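Here's input.tsv, which has TSV, C-alpha atoms:
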chain	number	residue	atom	x	y	z
N	1	MET	CA	87.77	-29.79	11.97
N	2	LYS	CA	86.04	-31.73	14.63
N	3	TYR	CA	84.15	-28.61	15.59
N	4	LEU	CA	83.13	-28.05	12.02
N	5	LEU	CA	81.91	-31.62	11.62
N	6	ARG	CA	79.89	-31.43	14.83
N	7	THR	CA	78.28	-28.20	13.71
N	8	ILE	CA	77.27	-29.69	10.36
N	9	ILE	CA	75.69	-32.71	12.01
N	10	VAL	CA	73.72	-30.59	14.45
N	11	ALA	CA	72.56	-28.28	11.70
N	12	THR	CA	71.52	-31.19	9.53
N	13	LEU	CA	69.55	-32.77	12.36
N	14	GLY	CA	67.90	-29.46	13.14
N	15	VAL	CA	66.84	-28.85	9.55
N	16	SER	CA	65.56	-32.41	9.28
N	17	LEU	CA	63.54	-31.99	12.45
N	18	VAL	CA	61.95	-28.74	11.31
N	19	ALA	CA	61.25	-30.07	7.82
N	20	GLY	CA	59.84	-33.30	9.21
N	21	SER	CA	57.55	-31.42	11.54
N	22	ALA	CA	56.26	-29.25	8.71
N	23	ALA	CA	55.66	-32.26	6.51
N	24	PHE	CA	53.81	-34.02	9.31
N	25	ALA	CA	51.70	-30.99	9.92
N	26	GLU	CA	50.59	-30.86	6.26
N	27	THR	CA	49.47	-34.45	6.21
N	28	LEU	CA	47.16	-33.99	9.25
N	29	PRO	CA	43.67	-32.53	8.83
N	30	ALA	CA	43.32	-28.84	9.72
N	31	THR	CA	41.02	-29.67	12.59
N	32	THR	CA	40.85	-32.30	15.21
N	33	THR	CA	37.96	-34.82	15.40
N	34	THR	CA	35.94	-32.33	17.48
N	35	THR	CA	36.49	-29.63	14.92
N	36	GLY	CA	35.30	-31.97	12.19
N	37	THR	CA	32.01	-32.47	13.98
N	38	GLN	CA	31.64	-28.73	14.26
N	39	GLN	CA	32.21	-28.34	10.53
N	40	GLN	CA	29.48	-30.87	9.95
N	41	ARG	CA	27.15	-29.04	12.31
N	42	LEU	CA	27.91	-25.74	10.59
N	43	ALA	CA	27.00	-27.25	7.24
N	44	THR	CA	23.78	-28.66	8.67
N	45	ILE	CA	22.77	-25.32	10.20
N	46	LYS	CA	23.45	-23.56	6.91
N	47	GLU	CA	21.41	-26.13	5.01
N	48	LYS	CA	18.44	-25.94	7.40
N	49	GLY	CA	18.71	-22.17	7.60
N	50	ASN	CA	18.60	-21.87	3.82
N	51	GLU	CA	15.51	-24.07	3.74
N	52	GLU	CA	13.82	-21.80	6.26
N	53	ILE	CA	14.79	-18.68	4.34
N	54	THR	CA	13.47	-20.19	1.09
N	55	ARG	CA	10.14	-21.10	2.74
N	56	ARG	CA	9.74	-17.55	3.96
N	57	ILE	CA	10.68	-15.95	0.64
N	58	THR	CA	8.16	-18.23	-1.12
N	59	ALA	CA	5.45	-17.23	1.37
N	60	LEU	CA	6.29	-13.55	0.95
N	61	SER	CA	6.07	-13.90	-2.83
N	62	LYS	CA	2.55	-15.34	-2.51
N	63	LEU	CA	1.67	-12.56	-0.10
N	64	SER	CA	2.88	-9.97	-2.59
N	65	SER	CA	0.50	-11.44	-5.21
N	66	VAL	CA	-2.35	-11.29	-2.71
N	67	LEU	CA	-1.61	-7.64	-2.04
N	68	GLN	CA	-1.38	-6.73	-5.72
N	69	SER	CA	-4.73	-8.37	-6.53
N	70	ALA	CA	-6.54	-6.89	-3.51
N	71	GLN	CA	-9.43	-4.70	-4.67
N	72	LYS	CA	-10.67	-3.24	-1.40
N	73	LEU	CA	-7.33	-2.54	0.26
N	74	THR	CA	-6.78	1.20	0.76
N	75	ALA	CA	-3.92	2.70	-1.24
N	76	SER	CA	-1.97	3.63	1.90
N	77	ASP	CA	-2.36	0.18	3.47
N	78	LYS	CA	-1.42	-1.53	0.22
N	79	ALA	CA	1.70	0.66	-0.09
N	80	ALA	CA	2.73	0.06	3.54
N	81	LEU	CA	2.23	-3.71	3.40
N	82	THR	CA	3.87	-4.08	-0.01
N	83	SER	CA	6.89	-2.15	1.25
N	84	GLU	CA	7.07	-4.39	4.31
N	85	VAL	CA	6.92	-7.57	2.21
N	86	THR	CA	9.56	-6.27	-0.20
N	87	SER	CA	11.84	-5.22	2.65
N	88	ALA	CA	11.50	-8.60	4.36
N	89	THR	CA	12.27	-10.44	1.11
N	90	SER	CA	15.34	-8.32	0.50
N	91	GLY	CA	16.51	-8.76	4.09
N	92	LEU	CA	16.13	-12.53	3.96
N	93	ASN	CA	18.11	-12.71	0.71
N	94	THR	CA	20.91	-10.72	2.34
N	95	LEU	CA	20.75	-12.96	5.39
N	96	LYS	CA	21.07	-16.02	3.16
N	97	VAL	CA	24.34	-14.71	1.70
N	98	GLN	CA	25.59	-13.91	5.20
N	99	LEU	CA	24.70	-17.39	6.45
N	100	ASP	CA	26.42	-19.04	3.50
N	101	ASN	CA	29.60	-17.12	4.35
N	102	GLU	CA	29.62	-17.94	8.05
N	103	THR	CA	32.68	-19.88	9.26
N	104	THR	CA	31.76	-20.30	12.88
N	105	LEU	CA	28.95	-22.14	14.60
N	106	ASP	CA	28.03	-19.13	16.71
N	107	GLY	CA	27.75	-16.87	13.67
N	108	ALA	CA	25.54	-19.38	11.81
N	109	LYS	CA	23.34	-19.92	14.85
N	110	THR	CA	22.79	-16.17	15.21
N	111	ASP	CA	21.88	-15.88	11.53
N	112	VAL	CA	19.37	-18.71	11.78
N	113	GLN	CA	17.79	-17.21	14.87
N	114	ASN	CA	17.52	-13.91	13.01
N	115	ILE	CA	15.48	-15.60	10.26
N	116	ALA	CA	12.63	-15.72	12.74
N	117	SER	CA	13.28	-12.88	15.15
N	118	GLU	CA	14.18	-10.19	12.61
N	119	TYR	CA	11.36	-10.84	10.13
N	120	ARG	CA	8.53	-12.79	11.81
N	121	VAL	CA	7.14	-13.76	8.40
N	122	PHE	CA	4.78	-16.49	9.57
N	123	ALA	CA	4.03	-15.19	13.04
N	124	LEU	CA	3.39	-11.54	12.19
N	125	VAL	CA	3.64	-10.43	8.55
N	126	MET	CA	1.27	-13.01	7.06
N	127	PRO	CA	-1.47	-12.66	9.71
N	128	LYS	CA	-1.06	-8.88	9.58
N	129	VAL	CA	-1.65	-8.69	5.82
N	130	HIS	CA	-4.75	-10.89	6.05
N	131	LEU	CA	-6.19	-8.96	9.00
N	132	ILE	CA	-5.70	-5.58	7.31
N	133	LYS	CA	-7.19	-6.93	4.09
N	134	ILE	CA	-10.34	-8.13	5.89
N	135	ALA	CA	-10.60	-4.87	7.85
N	136	ASP	CA	-10.37	-2.86	4.63
N	137	ASP	CA	-13.06	-5.02	2.98
N	138	GLN	CA	-15.31	-4.24	5.91
N	139	VAL	CA	-14.54	-0.52	5.85
N	140	THR	CA	-15.64	-0.45	2.20
N	141	ALA	CA	-18.87	-2.26	3.09
N	142	GLU	CA	-19.42	0.16	5.99
N	143	ILE	CA	-19.06	3.18	3.70
N	144	ALA	CA	-21.57	1.73	1.21
N	145	LEU	CA	-24.06	0.82	3.93
N	146	THR	CA	-23.70	4.25	5.56
N	147	ASN	CA	-24.47	5.91	2.22
N	148	ALA	CA	-27.48	3.63	1.73
N	149	ALA	CA	-28.73	4.37	5.26
N	150	ALA	CA	-28.57	8.12	4.62
N	151	LYS	CA	-30.58	7.75	1.42
N	152	LEU	CA	-33.10	5.47	3.11
N	153	GLN	CA	-33.50	8.08	5.86
N	154	THR	CA	-34.26	10.75	3.25
N	155	ARG	CA	-36.74	8.44	1.53
N	156	LEU	CA	-38.55	7.59	4.75
N	157	THR	CA	-38.72	11.23	5.80
N	158	SER	CA	-40.25	12.08	2.44
N	159	LEU	CA	-42.83	9.30	2.75
N	160	GLN	CA	-43.62	10.39	6.30
N	161	SER	CA	-44.29	13.94	5.15
N	162	ASN	CA	-46.70	12.49	2.61
N	163	GLY	CA	-48.70	10.91	5.41
N	164	LYS	CA	-47.26	7.39	5.30
N	165	ASP	CA	-46.69	5.49	8.52
N	166	VAL	CA	-42.96	4.70	8.50
N	167	SER	CA	-42.39	4.42	12.26
N	168	ALA	CA	-41.51	0.71	12.12
N	169	LEU	CA	-39.15	1.29	9.21
N	170	LEU	CA	-37.44	4.14	11.07
N	171	THR	CA	-36.83	1.77	14.00
N	172	THR	CA	-35.26	-0.74	11.62
N	173	LEU	CA	-33.14	2.04	10.15
N	174	ALA	CA	-31.90	2.96	13.63
N	175	ASP	CA	-30.90	-0.69	14.16
N	176	MET	CA	-29.12	-0.68	10.82
N	177	THR	CA	-27.15	2.43	11.80
N	178	THR	CA	-26.21	0.91	15.18
N	179	ASN	CA	-24.94	-2.25	13.50
N	180	ILE	CA	-22.84	-0.23	11.06
N	181	THR	CA	-21.39	1.87	13.88
N	182	ASN	CA	-20.46	-1.22	15.91
N	183	ALA	CA	-18.69	-2.75	12.90
N	184	GLN	CA	-16.91	0.52	12.13
N	185	LYS	CA	-15.43	0.70	15.62
N	186	ILE	CA	-13.88	-2.75	15.25
N	187	SER	CA	-12.63	-2.37	11.67
N	188	THR	CA	-11.03	0.99	12.40
N	189	LEU	CA	-9.41	-0.30	15.60
N	190	VAL	CA	-7.96	-3.37	13.87
N	191	GLN	CA	-6.77	-1.32	10.91
N	192	SER	CA	-4.97	1.30	13.02
N	193	SER	CA	-3.59	-1.15	15.59
N	194	VAL	CA	-2.29	-3.88	13.31
N	195	ILE	CA	-0.78	-1.89	10.44
N	196	SER	CA	1.98	-0.45	12.65
N	197	LEU	CA	3.04	-3.73	14.32
N	198	GLN	CA	6.66	-4.72	13.71
N	199	PRO	CA	8.68	-7.90	14.45
N	200	THR	CA	10.11	-6.16	17.51
N	201	ASP	CA	6.57	-5.78	18.89
N	202	TYR	CA	5.98	-9.47	18.41
N	203	ASN	CA	9.31	-10.31	20.05
N	204	LYS	CA	8.22	-8.36	23.13
N	205	ASP	CA	4.72	-9.83	23.20
N	206	HIS	CA	3.73	-12.91	21.23
N	207	GLY	CA	0.04	-12.09	21.80
N	208	VAL	CA	0.01	-8.79	19.88
N	209	LEU	CA	-2.36	-10.16	17.23
N	210	GLN	CA	-4.55	-12.14	19.57
N	211	GLY	CA	-8.28	-11.49	19.30
N	212	TYR	CA	-8.27	-9.33	16.18
N	213	ASN	CA	-9.52	-12.09	13.89
N	214	ALA	CA	-12.44	-12.88	16.20
N	215	GLN	CA	-13.29	-9.18	16.42
N	216	LEU	CA	-13.37	-8.87	12.65
N	217	LYS	CA	-15.74	-11.84	12.47
N	218	ALA	CA	-18.03	-10.06	14.95
N	219	ALA	CA	-17.87	-6.90	12.82
N	220	HIS	CA	-18.77	-8.94	9.74
N	221	ALA	CA	-21.81	-10.33	11.54
N	222	ASP	CA	-22.87	-6.76	12.44
N	223	LEU	CA	-22.61	-5.72	8.79
N	224	VAL	CA	-24.68	-8.69	7.65
N	225	LYS	CA	-27.39	-7.62	10.13
N	226	ALA	CA	-27.22	-4.05	8.81
N	227	ARG	CA	-27.63	-5.37	5.27
N	228	GLN	CA	-30.67	-7.40	6.33
N	229	ASP	CA	-32.14	-4.26	7.94
N	230	ALA	CA	-31.70	-2.46	4.62
N	231	ASN	CA	-33.62	-5.26	2.92
N	232	VAL	CA	-36.49	-4.95	5.38
N	233	ILE	CA	-36.67	-1.19	4.82
N	234	VAL	CA	-36.58	-1.49	1.03
N	235	LYS	CA	-39.36	-4.06	1.05
N	236	GLY	CA	-41.30	-1.97	3.55
N	237	ILE	CA	-41.12	1.10	1.34
N	238	ALA	CA	-42.37	-0.92	-1.67
N	239	ALA	CA	-45.30	-2.24	0.37
N	240	LEU	CA	-46.47	1.16	1.67
B	1	MET	CA	-90.55	-31.21	-79.61
B	2	ASP	CA	-90.69	-29.32	-76.32
B	3	ASN	CA	-88.11	-26.90	-77.52
B	4	ASP	CA	-90.17	-25.98	-80.39
B	5	ALA	CA	-93.24	-25.36	-78.17
B	6	GLN	CA	-91.32	-22.93	-75.87
B	7	THR	CA	-89.97	-20.92	-78.72
B	8	THR	CA	-93.25	-20.56	-80.46
B	9	GLY	CA	-95.40	-20.21	-77.33
B	10	SER	CA	-98.31	-21.47	-79.19
B	11	LEU	CA	-98.40	-24.81	-77.65
B	12	GLN	CA	-99.74	-25.52	-74.11
B	13	THR	CA	-97.33	-26.70	-71.52
B	14	THR	CA	-98.03	-29.94	-69.85
B	15	THR	CA	-97.48	-28.51	-66.34
B	16	SER	CA	-100.63	-27.42	-64.56
B	17	PRO	CA	-100.67	-24.39	-62.13
B	18	GLU	CA	-101.84	-26.57	-59.26
B	19	VAL	CA	-98.82	-28.80	-59.51
B	20	ALA	CA	-96.41	-25.83	-59.50
B	21	ALA	CA	-97.91	-24.28	-56.35
B	22	ALA	CA	-97.88	-27.46	-54.36
B	23	PRO	CA	-95.30	-27.77	-51.57
B	24	SER	CA	-92.18	-29.68	-52.27
B	25	PRO	CA	-92.57	-33.28	-51.27
B	26	ILE	CA	-89.03	-33.06	-49.78
B	27	LEU	CA	-90.20	-30.80	-46.94
B	28	ALA	CA	-91.84	-32.36	-43.95
B	29	PRO	CA	-95.42	-31.21	-43.37
B	30	ALA	CA	-94.56	-29.69	-39.96
B	31	GLU	CA	-91.63	-27.63	-41.21
B	32	ALA	CA	-93.58	-26.40	-44.06
B	33	THR	CA	-96.54	-25.30	-42.04
B	34	THR	CA	-95.12	-24.26	-38.58
B	35	PRO	CA	-91.44	-23.09	-38.87
B	36	THR	CA	-91.41	-20.95	-35.63
B	37	VAL	CA	-92.12	-23.74	-33.20
B	38	SER	CA	-88.81	-24.95	-31.39
B	39	THR	CA	-88.04	-28.49	-30.60
B	40	PRO	CA	-86.62	-29.48	-27.08
B	41	LYS	CA	-83.12	-29.77	-28.63
B	42	ALA	CA	-83.20	-26.22	-29.94
B	43	LYS	CA	-84.31	-24.94	-26.53
B	44	THR	CA	-81.27	-26.54	-24.88
B	45	SER	CA	-78.89	-24.96	-27.39
B	46	LYS	CA	-80.36	-21.54	-26.75
B	47	ARG	CA	-80.01	-21.92	-23.03
B	48	LEU	CA	-76.39	-22.96	-23.46
B	49	VAL	CA	-75.68	-19.91	-25.58
B	50	TRP	CA	-77.26	-17.60	-22.99
B	51	ALA	CA	-75.35	-19.29	-20.20
B	52	LEU	CA	-72.07	-18.79	-22.06
B	53	VAL	CA	-72.86	-15.13	-22.71
B	54	ALA	CA	-73.67	-14.62	-19.03
B	55	LEU	CA	-70.45	-16.34	-18.00
B	56	ILE	CA	-68.35	-14.18	-20.31
B	57	VAL	CA	-70.03	-11.01	-19.06
B	58	MET	CA	-69.48	-11.99	-15.42
B	59	THR	CA	-65.83	-12.87	-16.05
B	60	LEU	CA	-65.15	-9.62	-17.83
B	61	SER	CA	-66.88	-7.70	-15.04
B	62	GLY	CA	-64.79	-9.48	-12.41
B	63	VAL	CA	-61.54	-8.77	-14.21
B	64	GLY	CA	-62.53	-5.14	-14.61
B	65	VAL	CA	-63.40	-4.73	-10.93
B	66	TYR	CA	-60.17	-6.46	-9.85
B	67	ALA	CA	-58.12	-4.25	-12.12
B	68	VAL	CA	-59.73	-1.13	-10.70
B	69	LEU	CA	-59.22	-2.30	-7.11
B	70	SER	CA	-55.62	-3.33	-7.58
B	71	LYS	CA	-54.83	-0.07	-9.33
B	72	SER	CA	-56.35	1.91	-6.48
B	73	GLY	CA	-54.37	-0.09	-3.92
B	74	VAL	CA	-57.36	-1.80	-2.28
B	75	VAL	CA	-56.15	-5.16	-3.54
B	76	LYS	CA	-52.44	-5.97	-3.54
B	77	THR	CA	-51.07	-8.57	-5.84
B	78	SER	CA	-48.43	-10.94	-4.49
B	79	GLN	CA	-44.81	-10.04	-5.15
B	80	GLN	CA	-42.09	-12.38	-6.27
B	81	PRO	CA	-40.04	-13.47	-3.23
B	82	SER	CA	-36.44	-12.34	-3.20
B	83	SER	CA	-34.02	-15.21	-3.65
B	84	ALA	CA	-31.21	-13.44	-1.84
B	85	ALA	CA	-30.68	-10.31	0.14
B	86	ALA	CA	-28.33	-8.96	-2.45
B	87	THR	CA	-30.88	-9.06	-5.26
B	88	VAL	CA	-33.50	-6.78	-3.75
B	89	ASP	CA	-34.11	-3.89	-6.08
B	90	PRO	CA	-36.16	-1.02	-4.71
B	91	THR	CA	-36.56	0.40	-8.19
B	92	ALA	CA	-38.10	-2.77	-9.62
B	93	SER	CA	-41.61	-2.26	-10.94
B	94	SER	CA	-44.24	-3.56	-8.58
B	95	PRO	CA	-47.93	-3.04	-8.05
B	96	SER	CA	-47.04	-0.98	-4.98
B	97	ALA	CA	-48.84	2.27	-4.36
B	98	THR	CA	-45.51	3.92	-3.46
B	99	PRO	CA	-44.08	5.55	-6.55
B	100	ALA	CA	-40.40	4.94	-7.30
B	101	SER	CA	-38.07	7.69	-6.20
B	102	SER	CA	-35.02	8.95	-8.04
B	103	SER	CA	-32.95	7.96	-5.00
B	104	ASP	CA	-33.98	4.31	-5.26
B	105	SER	CA	-31.43	3.46	-7.93
B	106	ALA	CA	-28.71	5.11	-5.84
B	107	ILE	CA	-29.78	3.02	-2.83
B	108	THR	CA	-29.59	-0.11	-4.98
B	109	THR	CA	-26.08	0.84	-6.11
B	110	ASP	CA	-24.94	1.37	-2.51
B	111	LEU	CA	-26.40	-1.94	-1.38
B	112	GLN	CA	-24.83	-3.81	-4.30
B	113	SER	CA	-21.48	-2.26	-3.42
B	114	ALA	CA	-21.95	-3.34	0.21
B	115	ASP	CA	-22.78	-6.88	-0.96
B	116	THR	CA	-19.60	-7.04	-3.03
B	117	SER	CA	-17.47	-5.92	-0.09
B	118	LEU	CA	-19.20	-8.29	2.33
B	119	ASN	CA	-18.70	-11.21	-0.04
B	120	GLN	CA	-15.03	-10.26	-0.38
B	121	SER	CA	-14.78	-10.05	3.41
B	122	SER	CA	-16.23	-13.57	3.74
B	123	THR	CA	-13.79	-14.92	1.17
B	124	ASP	CA	-10.86	-13.20	2.86
B	125	GLN	CA	-11.97	-14.51	6.25
B	126	SER	CA	-11.86	-18.08	4.91
B	127	SER	CA	-8.53	-17.72	3.12
B	128	GLY	CA	-7.15	-15.77	6.08
B	129	ASP	CA	-8.12	-18.52	8.51
B	130	SER	CA	-6.36	-21.18	6.45
B	131	ALA	CA	-3.32	-18.92	5.95
B	132	LEU	CA	-3.13	-18.23	9.68
B	133	ASN	CA	-3.33	-21.95	10.43
B	134	ASP	CA	-0.54	-22.65	7.93
B	135	ALA	CA	1.55	-19.85	9.40
B	136	SER	CA	1.17	-21.06	12.98
B	137	GLN	CA	2.48	-24.47	11.95
B	138	GLN	CA	5.59	-23.05	10.30
B	139	VAL	CA	6.98	-20.62	12.84
B	140	SER	CA	9.73	-22.90	14.22
B	141	VAL	CA	13.34	-22.38	13.15
B	142	PRO	CA	16.10	-24.87	14.03
B	143	THR	CA	18.93	-23.31	16.00
B	144	ASN	CA	20.94	-26.37	17.02

Let me see the structure of the file written as structure tokens.
Amino acid sequence: MKYLLRTIIVATLGVSLVAGSAAFAETLPATTTTTGTQQQRLATIKEKGNEEITRRITALSKLSSVLQSAQKLTASDKAALTSEVTSATSGLNTLKVQLDNETTLDGAKTDVQNIASEYRVFALVMPKVHLIKIADDQVTAEIALTNAAAKLQTRLTSLQSNGKDVSALLTTLADMTTNITNAQKISTLVQSSVISLQPTDYNKDHGVLQGYNAQLKAAHADLVKARQDANVIVKGIAAL
Amino acid sequence: MDNDAQTTGSLQTTTSPEVAAAPSPILAPAEATTPTVSTPKAKTSKRLVWALVALIVMTLSGVGVYAVLSKSGVVKTSQQPSSAAATVDPTASSPSATPASSSDSAITTDLQSADTSLNQSSTDQSSGDSALNDASQQVSVPTN
């Protein structure tokens, strides 16, 4: 009897202890104070990361409109750049969902870093679209000026065979052709070099786009000179 | 009484032949007797008329000579200055001796196309510059 009573008491105390421990555990927060700070940091990273993703998606949307309204962009360049913008938008939307579902600080940090390193919207995609667009504008101008130069050559040759002195105009035409050729070299180089650049290229070398904008400005100046040469020739022909 | 005399013809008229032949007292004696002699005022008018005729003849001659010279290319008339490079039209009519060629309109088309592309390039340069500036200010991403 005594043994039975002792057993009951011990069992009762044991059950009470286990139950009490469980109840105590439920009333405490799931994390310690340190863990609470981490939760707060996780929420902050998600919030800031979402803001960054939204800024990039908005910029890509504007870029898409620019591409669609571009008149001088070649069909292949327009297709390539549009595909790149669409892919980046889709990727960022997926990344946003992934970031929202992150439960650890490390996972969220990696996602936020990927916003920049995986897409390079501001550092690469936007400058790239603008550079290709300018280069394509210039290629169109170069084609038109080359056609005009060929016709002016024919006209001057005809006038020369009729006894007109066109030597000065032929010199101007040679200058016009040189200016067009110089511009063509730059536009073609920029077009072929920039269109293939990817975020990984930028990650390896942050200076991949350096100098292209200045080169395109130089090419533009060459084309303006070529156009002025054409003016001189046209006026010269009328005055013969 | 007079009426009766004219109808019958038997009565003498009271007007004598001498009176009828006499010059009208309205006319001045000089005009009546010497109509071909000019006064100083008339001489001046004639000279003015001749001077005007001479002036008209000289003007017409000058215009005629100028027209002939300009048509033959000896004299070139001034052309309207071009307001912009893009507006030069080699097919525009001018007093030039060089006749327009069929290729001139094609040249104009090419140059206009070049102008359009160059203008677009300028616009894209400007918008590209501002976009690149905006982009360079937004590249940072918080990682902490």

*Using only C-alpha atoms, pick whichever of N:Ala183, N:Ala88, N:Ile45, N:Leu197 has the shortest atom-to-atom distance to chain B.*
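Of N:Ala183, N:Ala88, N:Ile45, N:Leu197, the one nearest chain B is N:Ile45, counting only C-alpha atoms.
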
Taking a cut-off of 7 Å and counting all atoms listed in the file, can you build a table that, for each residue of chain N near chain B, reports the nearest atom pair and how far apart they are in Å (one decimal), sorted by chain then residue number, as a tab-separated table?
residue	atom	partner	partner_atom	distance
N:Glu52	CA	B:Val141	CA	6.9
N:Lys109	CA	B:Thr143	CA	5.7
N:Val112	CA	B:Thr143	CA	6.3
N:Gln113	CA	B:Thr143	CA	6.3
N:Ala116	CA	B:Val141	CA	6.7
N:Phe122	CA	B:Ala135	CA	4.7
N:Ala123	CA	B:Val139	CA	6.2
N:Pro127	CA	B:Leu132	CA	5.8
N:His130	CA	B:Gly128	CA	5.4
N:Ile134	CA	B:Ser121	CA	5.4
N:Asp137	CA	B:Ser121	CA	5.3
N:Gln138	CA	B:Ser121	CA	6.3
N:Thr140	CA	B:Ser117	CA	6.2
N:Ala141	CA	B:Ala114	CA	4.4
N:Ala144	CA	B:Asp110	CA	5.0
N:Leu145	CA	B:Ala114	CA	6.0
N:Asn147	CA	B:Asp110	CA	6.6
N:Ala148	CA	B:Ile107	CA	5.1
N:Lys151	CA	B:Ile107	CA	6.4
N:Gln228	CA	B:Ala85	CA	6.8
N:Asn231	CA	B:Ala85	CA	6.5
N:Val234	CA	B:Pro90	CA	5.8
N:Ala238	CA	B:Ser96	CA	5.7
N:Ala239	CA	B:Ser96	CA	5.8
N:Leu240	CA	B:Thr98	CA	5.9

*Just how far from CA of Ser187 (chain N) is CA of Ala214 (chain N), in Å to one decimal?*
11.4 Å

*For Arg55 (chain N), the nearest of the candidates N:Ala43, N:Val194, N:Val121, N:Leu67, counting all atoms listed in the file*: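 Checking each of N:Ala43, N:Val194, N:Val121, N:Leu67 against Arg55 (chain N), counting all atoms listed in the file, the winner is N:Val121.
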
Just give me the residues with any atom within 12 Å of (-13.3, -8.7, 17.2), file coordinates, counting all atoms listed in the file, written as a PDB file with C-alpha atoms, in the coordinates of the input.
ATOM      1  CA  LEU N 131      -6.190  -8.960   9.000  1.00  0.00           C
ATOM      2  CA  ILE N 134     -10.340  -8.130   5.890  1.00  0.00           C
ATOM      3  CA  ALA N 135     -10.600  -4.870   7.850  1.00  0.00           C
ATOM      4  CA  ASN N 182     -20.460  -1.220  15.910  1.00  0.00           C
ATOM      5  CA  ALA N 183     -18.690  -2.750  12.900  1.00  0.00           C
ATOM      6  CA  GLN N 184     -16.910   0.520  12.130  1.00  0.00           C
ATOM      7  CA  LYS N 185     -15.430   0.700  15.620  1.00  0.00           C
ATOM      8  CA  ILE N 186     -13.880  -2.750  15.250  1.00  0.00           C
ATOM      9  CA  SER N 187     -12.630  -2.370  11.670  1.00  0.00           C
ATOM     10  CA  THR N 188     -11.030   0.990  12.400  1.00  0.00           C
ATOM     11  CA  LEU N 189      -9.410  -0.300  15.600  1.00  0.00           C
ATOM     12  CA  VAL N 190      -7.960  -3.370  13.870  1.00  0.00           C
ATOM     13  CA  GLN N 191      -6.770  -1.320  10.910  1.00  0.00           C
ATOM     14  CA  LEU N 209      -2.360 -10.160  17.230  1.00  0.00           C
ATOM     15  CA  GLN N 210      -4.550 -12.140  19.570  1.00  0.00           C
ATOM     16  CA  GLY N 211      -8.280 -11.490  19.300  1.00  0.00           C
ATOM     17  CA  TYR N 212      -8.270  -9.330  16.180  1.00  0.00           C
ATOM     18  CA  ASN N 213      -9.520 -12.090  13.890  1.00  0.00           C
ATOM     19  CA  ALA N 214     -12.440 -12.880  16.200  1.00  0.00           C
ATOM     20  CA  GLN N 215     -13.290  -9.180  16.420  1.00  0.00           C
ATOM     21  CA  LEU N 216     -13.370  -8.870  12.650  1.00  0.00           C
ATOM     22  CA  LYS N 217     -15.740 -11.840  12.470  1.00  0.00           C
ATOM     23  CA  ALA N 218     -18.030 -10.060  14.950  1.00  0.00           C
ATOM     24  CA  ALA N 219     -17.870  -6.900  12.820  1.00  0.00           C
ATOM     25  CA  HIS N 220     -18.770  -8.940   9.740  1.00  0.00           C
ATOM     26  CA  ALA N 221     -21.810 -10.330  11.540  1.00  0.00           C
ATOM     27  CA  ASP N 222     -22.870  -6.760  12.440  1.00  0.00           C
TER      28      ASP N 222
END

Quick one: everything within 8 Å of region 167-173 of chain N, counting only C-alpha atoms, minus sequence neighbours fewer than 6 positions away in the same chain. Send it as an mmCIF file with C-alpha atoms, in the coordinates of the input.
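In the end it all went to result.cif:
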data_model
loop_
_atom_site.group_PDB
_atom_site.id
_atom_site.type_symbol
_atom_site.label_atom_id
_atom_site.label_comp_id
_atom_site.auth_asym_id
_atom_site.auth_seq_id
_atom_site.Cartn_x
_atom_site.Cartn_y
_atom_site.Cartn_z
ATOM 1 C CA ALA N 149 -28.730 4.370 5.260
ATOM 2 C CA LEU N 152 -33.100 5.470 3.110
ATOM 3 C CA GLN N 153 -33.500 8.080 5.860
ATOM 4 C CA LEU N 156 -38.550 7.590 4.750
ATOM 5 C CA ASP N 229 -32.140 -4.260 7.940
ATOM 6 C CA ALA N 230 -31.700 -2.460 4.620
ATOM 7 C CA VAL N 232 -36.490 -4.950 5.380
ATOM 8 C CA ILE N 233 -36.670 -1.190 4.820
ATOM 9 C CA GLY N 236 -41.300 -1.970 3.550
#

*asked:* Report, in Å to a single decimal, how far apart CA of Ser105 (chain B) and CA of Lys225 (chain N) are.
replied: 21.6 Å

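The spacing separating CA of Lys62 (chain N) from CA of Asp205 (chain N) amounts to 26.4 Å.
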
_Proximity to Ile143 (chain N) - best of N:Ser65, N:Asn50, N:Thr177, N:Thr44, all atoms listed in the file_ = N:Thr177
